[in-house]
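Just below is one structure, and these are the notes that go with it.
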Amino acid sequence: MGAYITRRLLWLPFLLFAISLITFLLGRIAPGDPVEIMLGNRYDVKVAANLREQLGLDRPMLVQYGDYMWKAIQGDFGESLRFRGRAVGELLGPKMWVSFQVNLMAMIASVSVGLPLGFFIARRQGRWQDPFTVVISLILMSIPIMVTIPFILLAMCRWWDLVPCSGWGGIWDARIIVPTITLGLFGFAGLMRLMRASTLDVMGQDFIRTAYAKGLSRYTVDYRHILKNALIPIVTVLSLSLDGMLTTSFVAERILGIPGMGDFVIQSIFNRDYPVIMAVTLVGSTAFVLANLFADIAYTIIDPRIRYR
Amino acid sequence: MKSSAMDLKIEIGQQRQGHLARAVSRLARKKVAIVSIALLLTLYAGGIFAPWVSPYDYSYQDYSVIRNPPSLEHLAGTDRAGRDVLTRLLWGIQNTIILTFIAMITGGLFIGVTLGLLAGYFGGKVDVMVNRIGEIFASLPTFFLMVIIAATLRPRVLEMVRWIEDNTVIHGLVQSGVVDYFVISLALVSFTWFGMARLVRGQVLYLKTTEFIQSAQAIGATTPRILFHHLLPNAISPIIVLVSMSMGTMAGSEILLSWLGLGIQPPRPSLGRMLLESGNIGTLQNEPWMLLAPGLIALLLILSWNLLGDALNDVLNPRTR
């Protein structure tokens, strides 16, 4: 296992290098001169040339990339082109923190509802509760998030007057409720299905029959044998479900006026704010890759039967 | 005597039935599968024949019927500009199905299956290459990957298409929406191909060790014959399931891209754009049909593929039942 982890860790820098190079090149392939956008109608050839030199945009592409990466490793992602004079890190930090909180709450909500329900439903296989819940979860997974949010808002904010209709005030504020519910509904459906499948898989195995045969109580078999084993594959799935959660949370943030990354990233792309796009992609992918790596390692520790080459 | 001979014949006939034929007959017994296939056929027919079945022109504005609720003339009502919602829905479905089909056939089936077959069969350097490149794509969060590709490549492709229009006798390319189709399918392909390649590779790795492949190699079957005649047909079940499952996901991604303003550009109608324009509480309270109609269509389109995928999984991969 040590060799496996070492190899994964050694591959990590290459992976990040490739990702950053691709993002960098994609950003530069796009036409639309950032200098032109910055100057707007005050565009002047001389000023533009000056600005370009100042920003280092007149140097060869690879030099620009190397320079960028050298600083990025030290935590300096440069200066935003859209908001002159503001460091990217300083702009992104608070937004990432907000998005992180939204995603964390959604994850907690979907795990705490999805896993118990999936476990419960699997044991009801063959009765009406099982297909009913499966179909409901498929419907929840299929509704585009931009359709669900207006309905939930209409009910919670107009009819019952429980929460303000938009905005953000941290996780102790009532306005966290709507994003948590919408994202939670989406995430919970997927987790529930996986937990159900995993539980059914374990229930069909021989050692469960043995456990019953040697006279263990139903409670012991359920919680000590079935539940523990069924939870193992969920670890990897959790890190993979992060991806879908991130996408939906960006949409939700945009609709609900939450000052997270969602709207900021889109605006930066439309305004060709390369430093911001690069920083977001780099930090996002690094977090994503690390989460997956962590999940794989956790998997080998939890389940000693798993042997990676 | 005669009847028992016939019985025997029927029995043999049934045994000869292939894996897929058996799966189809099992699928036909599932109500959910029949319902979702019927829904998909209806939606797809509506989308494909949109130019003929849609009651109005998609950009025709009738200012006397602005924001009218559903009526006999406008079955799904009209929008803020007096356009027929049903017409715009049908055209929106058309865009979604064209895009998902292009992306599935090029990315999922052509690139994904071929690379998966090659990686699994040859192993070694090919395998490492495919896996490493795929891993890079898989480790970029889907949202960033899709949005960055759509946003940065569109202007370049638009430029190229304009150049083609200016320098050749081909005209009307930009107007036909070719640019949108190309860019969006590329964005969709970027995260679809590796899932398929990984699946096919896994299947091939297992099949490669079986005796019938070894005997095919022993009698000197050519590599393409082994790949496409022996390996591919035996890996077809999981491919079918994955295709069905990813069609729904892709439709959802297309809607998302158009919702962000990176997909189909107005005035061409798209489900994503309709959801953007009507996805607020005010519209839901005052003109609910504007949100309900595209929302329901989007839900049905994605849900039917998911349900079908689920049913196919039950039928084709009996181990996981």
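Going by the structure tokens order, chains are called A, B, ..., each with residues numbered from 1, while ligands are numbered from 1 in the order shown.
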
query: So which residues touch region 44-51 of chain B within 6 Å, counting only C-alpha atoms, skipping near sequence neighbours fewer than 4 positions away, as a ChimeraX atom specification?
result: /B:40,90-91,93-94

Selected residues written out, N, CA and C atoms, as a short mmCIF file (atom, residue, chain, number, x, y, z; two decimals), in the first residue's frame:
data_model
loop_
_atom_site.label_atom_id
_atom_site.label_comp_id
_atom_site.auth_asym_id
_atom_site.auth_seq_id
_atom_site.Cartn_x
_atom_site.Cartn_y
_atom_site.Cartn_z
N LEU B 40 -39.65 9.01 -24.54
CA LEU B 40 -38.50 9.43 -25.34
C LEU B 40 -38.88 9.53 -26.82
N LEU B 90 -40.42 22.87 -28.84
CA LEU B 90 -40.10 21.84 -29.82
C LEU B 90 -38.73 22.10 -30.43
N TRP B 91 -38.48 23.36 -30.78
CA TRP B 91 -37.17 23.70 -31.35
C TRP B 91 -36.06 23.53 -30.32
N ILE B 93 -36.05 21.33 -27.88
CA ILE B 93 -35.79 19.89 -27.79
C ILE B 93 -34.91 19.47 -28.96
N GLN B 94 -35.20 20.01 -30.14
CA GLN B 94 -34.41 19.64 -31.31
C GLN B 94 -32.93 19.93 -31.07
#

message: Taking only C-alpha atoms into account, find every residue of chain A that has an atom no more than 8 Å from chain B, and write it out as a VMD selection string.
response: chain A and resid 15 18 to 19 26 to 27 29 to 31 138 to 139 142 to 144 146 to 147 150 to 151 153 to 154 201 243 to 244 246 to 247 266 269 to 270 281 284 to 285 288 to 289

Store the residues picked out above in a file with C-alpha atoms, as a PDB file, in the first residue's frame.
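Final output, selection-v8.pdb:
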ATOM      1  CA  LEU A  15      -1.118  15.900 -13.235  1.00  0.00           C
ATOM      2  CA  ALA A  18      -0.720  19.187 -17.275  1.00  0.00           C
ATOM      3  CA  ILE A  19      -3.922  20.722 -15.959  1.00  0.00           C
ATOM      4  CA  LEU A  26      -6.974  27.534 -23.509  1.00  0.00           C
ATOM      5  CA  GLY A  27      -7.034  30.966 -21.907  1.00  0.00           C
ATOM      6  CA  ILE A  29      -6.046  30.661 -27.425  1.00  0.00           C
ATOM      7  CA  ALA A  30      -9.197  32.651 -26.864  1.00  0.00           C
ATOM      8  CA  PRO A  31      -9.207  35.850 -28.875  1.00  0.00           C
ATOM      9  CA  LEU A 138     -34.450   9.319  -9.869  1.00  0.00           C
ATOM     10  CA  ILE A 139     -36.920  12.180 -10.341  1.00  0.00           C
ATOM     11  CA  SER A 142     -33.309  14.485 -13.043  1.00  0.00           C
ATOM     12  CA  ILE A 143     -34.860  17.864 -12.270  1.00  0.00           C
ATOM     13  CA  PRO A 144     -32.525  20.624 -13.441  1.00  0.00           C
ATOM     14  CA  MET A 146     -32.779  25.934 -12.030  1.00  0.00           C
ATOM     15  CA  VAL A 147     -36.320  24.503 -12.058  1.00  0.00           C
ATOM     16  CA  PRO A 150     -38.075  28.878  -7.913  1.00  0.00           C
ATOM     17  CA  PHE A 151     -40.529  26.344  -6.467  1.00  0.00           C
ATOM     18  CA  LEU A 153     -38.330  29.811  -2.957  1.00  0.00           C
ATOM     19  CA  LEU A 154     -42.001  30.383  -3.738  1.00  0.00           C
ATOM     20  CA  ASP A 201     -24.833  -6.223  -2.392  1.00  0.00           C
ATOM     21  CA  ASP A 243     -18.032  17.172  -8.765  1.00  0.00           C
ATOM     22  CA  GLY A 244     -21.790  17.172  -9.344  1.00  0.00           C
ATOM     23  CA  LEU A 246     -19.926  21.774  -7.203  1.00  0.00           C
ATOM     24  CA  THR A 247     -21.713  22.264 -10.521  1.00  0.00           C
ATOM     25  CA  ILE A 266     -18.715  33.046 -15.112  1.00  0.00           C
ATOM     26  CA  ILE A 269     -14.690  34.009 -18.155  1.00  0.00           C
ATOM     27  CA  PHE A 270     -16.829  36.503 -20.037  1.00  0.00           C
ATOM     28  CA  THR A 281      -9.037  26.046 -12.105  1.00  0.00           C
ATOM     29  CA  GLY A 284     -10.233  23.700  -7.777  1.00  0.00           C
ATOM     30  CA  SER A 285      -8.484  20.832  -9.552  1.00  0.00           C
ATOM     31  CA  PHE A 288     -10.438  17.786  -6.378  1.00  0.00           C
ATOM     32  CA  VAL A 289      -7.396  15.599  -7.068  1.00  0.00           C
TER      33      VAL A 289
END

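Once Arg268 (chain B) and its same-chain neighbours fewer than 5 positions away are set aside, Tyr58, Ser59, Arg88, Trp91, Gly92, Asn95 and Gly177 of chain B remain within 9 Å of it when counting only C-alpha atoms.
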
Write the residues of the selection above to a file with N, CA and C atoms, as a compact mmCIF listing (two decimals), in the first residue's frame.
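Output file result23.txt follows:
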# COMPACT_ATOMS: atom_id res chain seq x y z
N TYR B 58 -40.53 30.05 -34.79
CA TYR B 58 -40.04 30.23 -33.43
C TYR B 58 -39.71 31.67 -33.05
N SER B 59 -39.49 32.52 -34.05
CA SER B 59 -39.21 33.91 -33.67
C SER B 59 -40.38 34.84 -34.02
N ARG B 88 -41.38 27.07 -29.35
CA ARG B 88 -40.01 27.25 -28.88
C ARG B 88 -39.52 26.01 -28.13
N TRP B 91 -38.48 23.36 -30.78
CA TRP B 91 -37.17 23.70 -31.35
C TRP B 91 -36.06 23.53 -30.32
N GLY B 92 -36.37 23.85 -29.07
CA GLY B 92 -35.38 23.67 -28.00
C GLY B 92 -35.02 22.20 -27.84
N ASN B 95 -32.65 21.15 -30.56
CA ASN B 95 -31.25 21.49 -30.30
C ASN B 95 -30.63 20.52 -29.32
N GLY B 177 -26.31 27.81 -37.03
CA GLY B 177 -25.99 27.39 -35.67
C GLY B 177 -24.89 26.36 -35.58

- request: Just the residues within 12 Å of Tyr65 (chain A), please, counting only C-alpha atoms, with nothing from its chain fewer than 5 positions along; format it as a ChimeraX atom specification.
  value: /A:17-18,20-25,27-28,56-57,59-60,70-72,77,274-275,278

Atoms kept (C-alpha atoms) for selection, written as a tab-separated table (two decimals), in the first residue's frame:
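Just written: part_27.tsv:
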chain	number	residue	atom	x	y	z
A	17	PHE	CA	1.35	20.56	-14.39
A	18	ALA	CA	-0.72	19.19	-17.28
A	20	SER	CA	-2.35	24.14	-15.49
A	21	LEU	CA	-0.74	24.05	-18.93
A	22	ILE	CA	-4.05	23.15	-20.59
A	23	THR	CA	-5.94	25.91	-18.77
A	24	PHE	CA	-3.21	28.41	-19.53
A	25	LEU	CA	-3.17	27.57	-23.23
A	27	GLY	CA	-7.03	30.97	-21.91
A	28	ARG	CA	-4.48	32.31	-24.35
A	56	GLY	CA	4.26	40.95	-19.18
A	57	LEU	CA	1.81	40.01	-21.92
A	59	ARG	CA	6.71	37.98	-23.62
A	60	PRO	CA	6.72	34.48	-25.18
A	70	TRP	CA	6.62	30.08	-10.16
A	71	LYS	CA	4.58	32.75	-8.42
A	72	ALA	CA	1.51	30.55	-8.09
A	77	PHE	CA	-1.81	34.34	-8.40
A	274	TYR	CA	-7.13	35.06	-17.14
A	275	PRO	CA	-5.46	35.27	-13.72
A	278	MET	CA	-6.29	30.13	-13.94

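Nearest residue to Val134 (chain A), choosing from A:Phe83, A:Trp97, A:Trp160, A:Phe188 and counting only C-alpha atoms: A:Phe188.
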
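Compared by their closest atoms to Ile105 (chain B), and using only C-alpha atoms, the residues B:Val130, B:Leu188, B:Leu271, B:Leu232 rank with B:Leu188 nearest.
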
field: Residue contacts of region 100-104 of chain A (10 Å, only C-alpha atoms) excluding same-chain residues fewer than 5 positions away, as a ChimeraX atom specification
entry: /A:94-95,109-110,170-171,176-177,179-180,183-184,242,245-246,248-250,252-253,258,260-261

task: as a VMD selection string, list the residues of region 93-304 of chain A assigned to alpha helix (DSSP H) by DSSP on the backbone atoms of this structure.
output: chain A and resid 93 to 122 129 to 142 145 to 153 177 to 203 206 to 213 218 to 220 228 to 256 261 to 270 274 to 302

Selection: 6 Å around region 78-83 of chain B, only C-alpha atoms, excl. self and same-chain fewer than 5 positions, as a CSV table (one decimal) with N, CA and C atoms, in the first residue's frame:
chain,number,residue,atom,x,y,z
B,60,TYR,N,-41.5,34.3,-34.4
B,60,TYR,CA,-42.7,35.1,-34.8
B,60,TYR,C,-43.3,35.7,-33.5
B,61,GLN,N,-43.4,37.0,-33.5
B,61,GLN,CA,-43.9,37.7,-32.3
B,61,GLN,C,-45.3,38.3,-32.6
B,62,ASP,N,-46.2,37.9,-31.8
B,62,ASP,CA,-47.6,38.4,-32.0
B,62,ASP,C,-47.9,39.3,-30.8
B,63,TYR,N,-47.8,40.6,-30.9
B,63,TYR,CA,-47.9,41.5,-29.8
B,63,TYR,C,-49.3,41.6,-29.2
B,65,VAL,N,-50.9,38.9,-28.2
B,65,VAL,CA,-51.1,37.8,-27.2
B,65,VAL,C,-49.9,37.7,-26.3
B,66,ILE,N,-49.3,38.8,-25.8
B,66,ILE,CA,-48.2,38.7,-24.9
B,66,ILE,C,-48.6,38.1,-23.6
B,67,ARG,N,-47.8,37.2,-23.1
B,67,ARG,CA,-48.0,36.5,-21.8
B,67,ARG,C,-49.4,35.9,-21.6
B,68,ASN,N,-49.9,35.3,-22.7
B,68,ASN,CA,-51.2,34.7,-22.6
B,68,ASN,C,-51.1,33.3,-22.0

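You will find CA of Leu115 (chain A) at 14.1 Å from CA of Thr236 (chain A).
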
task: Could you tell me how far CA of Phe228 (chain B) lies from CA of Gln214 (chain B), in Å and to one decimal?
output: 15.1 Å

query: Quick one: distance from CA of Met192 (chain A) to CA of Ile108 (chain A) in Å, one decimal?
result: 13.4 Å

Need to verify the contact set: Val200 (chain B), 10 Å, only C-alpha atoms, exclusion of same-chain residues closer than 3 positions in sequence. Can you return it as a compact mmCIF listing (two decimals) with N, CA and C atoms, in the first residue's frame?
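Once written, around37.txt looks like this:
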# COMPACT_ATOMS: atom_id res chain seq x y z
N GLY B 112 -14.41 7.14 -27.27
CA GLY B 112 -14.37 6.37 -26.03
C GLY B 112 -14.20 4.89 -26.26
N VAL B 113 -15.06 4.32 -27.12
CA VAL B 113 -15.00 2.87 -27.34
C VAL B 113 -13.70 2.47 -28.02
N THR B 114 -13.29 3.23 -29.04
CA THR B 114 -12.06 2.86 -29.74
C THR B 114 -10.86 2.91 -28.81
N LEU B 115 -10.73 4.02 -28.07
CA LEU B 115 -9.57 4.12 -27.18
C LEU B 115 -9.61 3.05 -26.10
N GLY B 116 -10.82 2.76 -25.60
CA GLY B 116 -10.96 1.74 -24.58
C GLY B 116 -10.52 0.38 -25.10
N LEU B 117 -10.97 0.05 -26.33
CA LEU B 117 -10.58 -1.22 -26.95
C LEU B 117 -9.08 -1.30 -27.11
N LEU B 118 -8.49 -0.23 -27.66
CA LEU B 118 -7.05 -0.24 -27.91
C LEU B 118 -6.28 -0.35 -26.61
N ALA B 119 -6.67 0.48 -25.61
CA ALA B 119 -5.95 0.48 -24.34
C ALA B 119 -6.03 -0.88 -23.68
N GLY B 120 -7.22 -1.47 -23.69
CA GLY B 120 -7.38 -2.75 -23.03
C GLY B 120 -6.65 -3.86 -23.75
N PHE B 194 -13.88 9.69 -21.47
CA PHE B 194 -13.04 8.87 -20.62
C PHE B 194 -13.84 7.83 -19.85
N GLY B 195 -15.05 8.20 -19.42
CA GLY B 195 -15.90 7.24 -18.72
C GLY B 195 -16.12 6.00 -19.56
N MET B 196 -16.43 6.24 -20.84
CA MET B 196 -16.67 5.14 -21.76
C MET B 196 -15.39 4.34 -21.99
N ALA B 197 -14.28 5.06 -22.21
CA ALA B 197 -13.01 4.37 -22.48
C ALA B 197 -12.63 3.47 -21.30
N GLN B 203 -13.66 -4.06 -19.48
CA GLN B 203 -14.29 -5.23 -20.09
C GLN B 203 -13.27 -6.02 -20.90
N VAL B 204 -12.49 -5.27 -21.71
CA VAL B 204 -11.54 -5.93 -22.61
C VAL B 204 -10.46 -6.65 -21.80
N LEU B 205 -10.01 -6.02 -20.72
CA LEU B 205 -8.97 -6.63 -19.88
C LEU B 205 -9.43 -8.00 -19.41
N LEU B 231 -14.28 -8.80 -29.46
CA LEU B 231 -14.28 -8.09 -28.17
C LEU B 231 -15.49 -7.17 -28.04
N LEU B 232 -15.73 -6.35 -29.05
CA LEU B 232 -16.79 -5.34 -28.94
C LEU B 232 -18.17 -5.95 -28.68
N ALA B 235 -18.68 -6.83 -25.16
CA ALA B 235 -18.66 -5.76 -24.17
C ALA B 235 -19.87 -4.85 -24.35
N ILE B 236 -20.83 -5.25 -25.19
CA ILE B 236 -21.86 -4.31 -25.61
C ILE B 236 -22.85 -3.97 -24.49
N PRO B 238 -22.67 -3.43 -21.04
CA PRO B 238 -22.38 -2.25 -20.22
C PRO B 238 -22.31 -0.98 -21.05
N ILE B 239 -21.91 -1.07 -22.32
CA ILE B 239 -21.85 0.12 -23.16
C ILE B 239 -23.26 0.69 -23.33
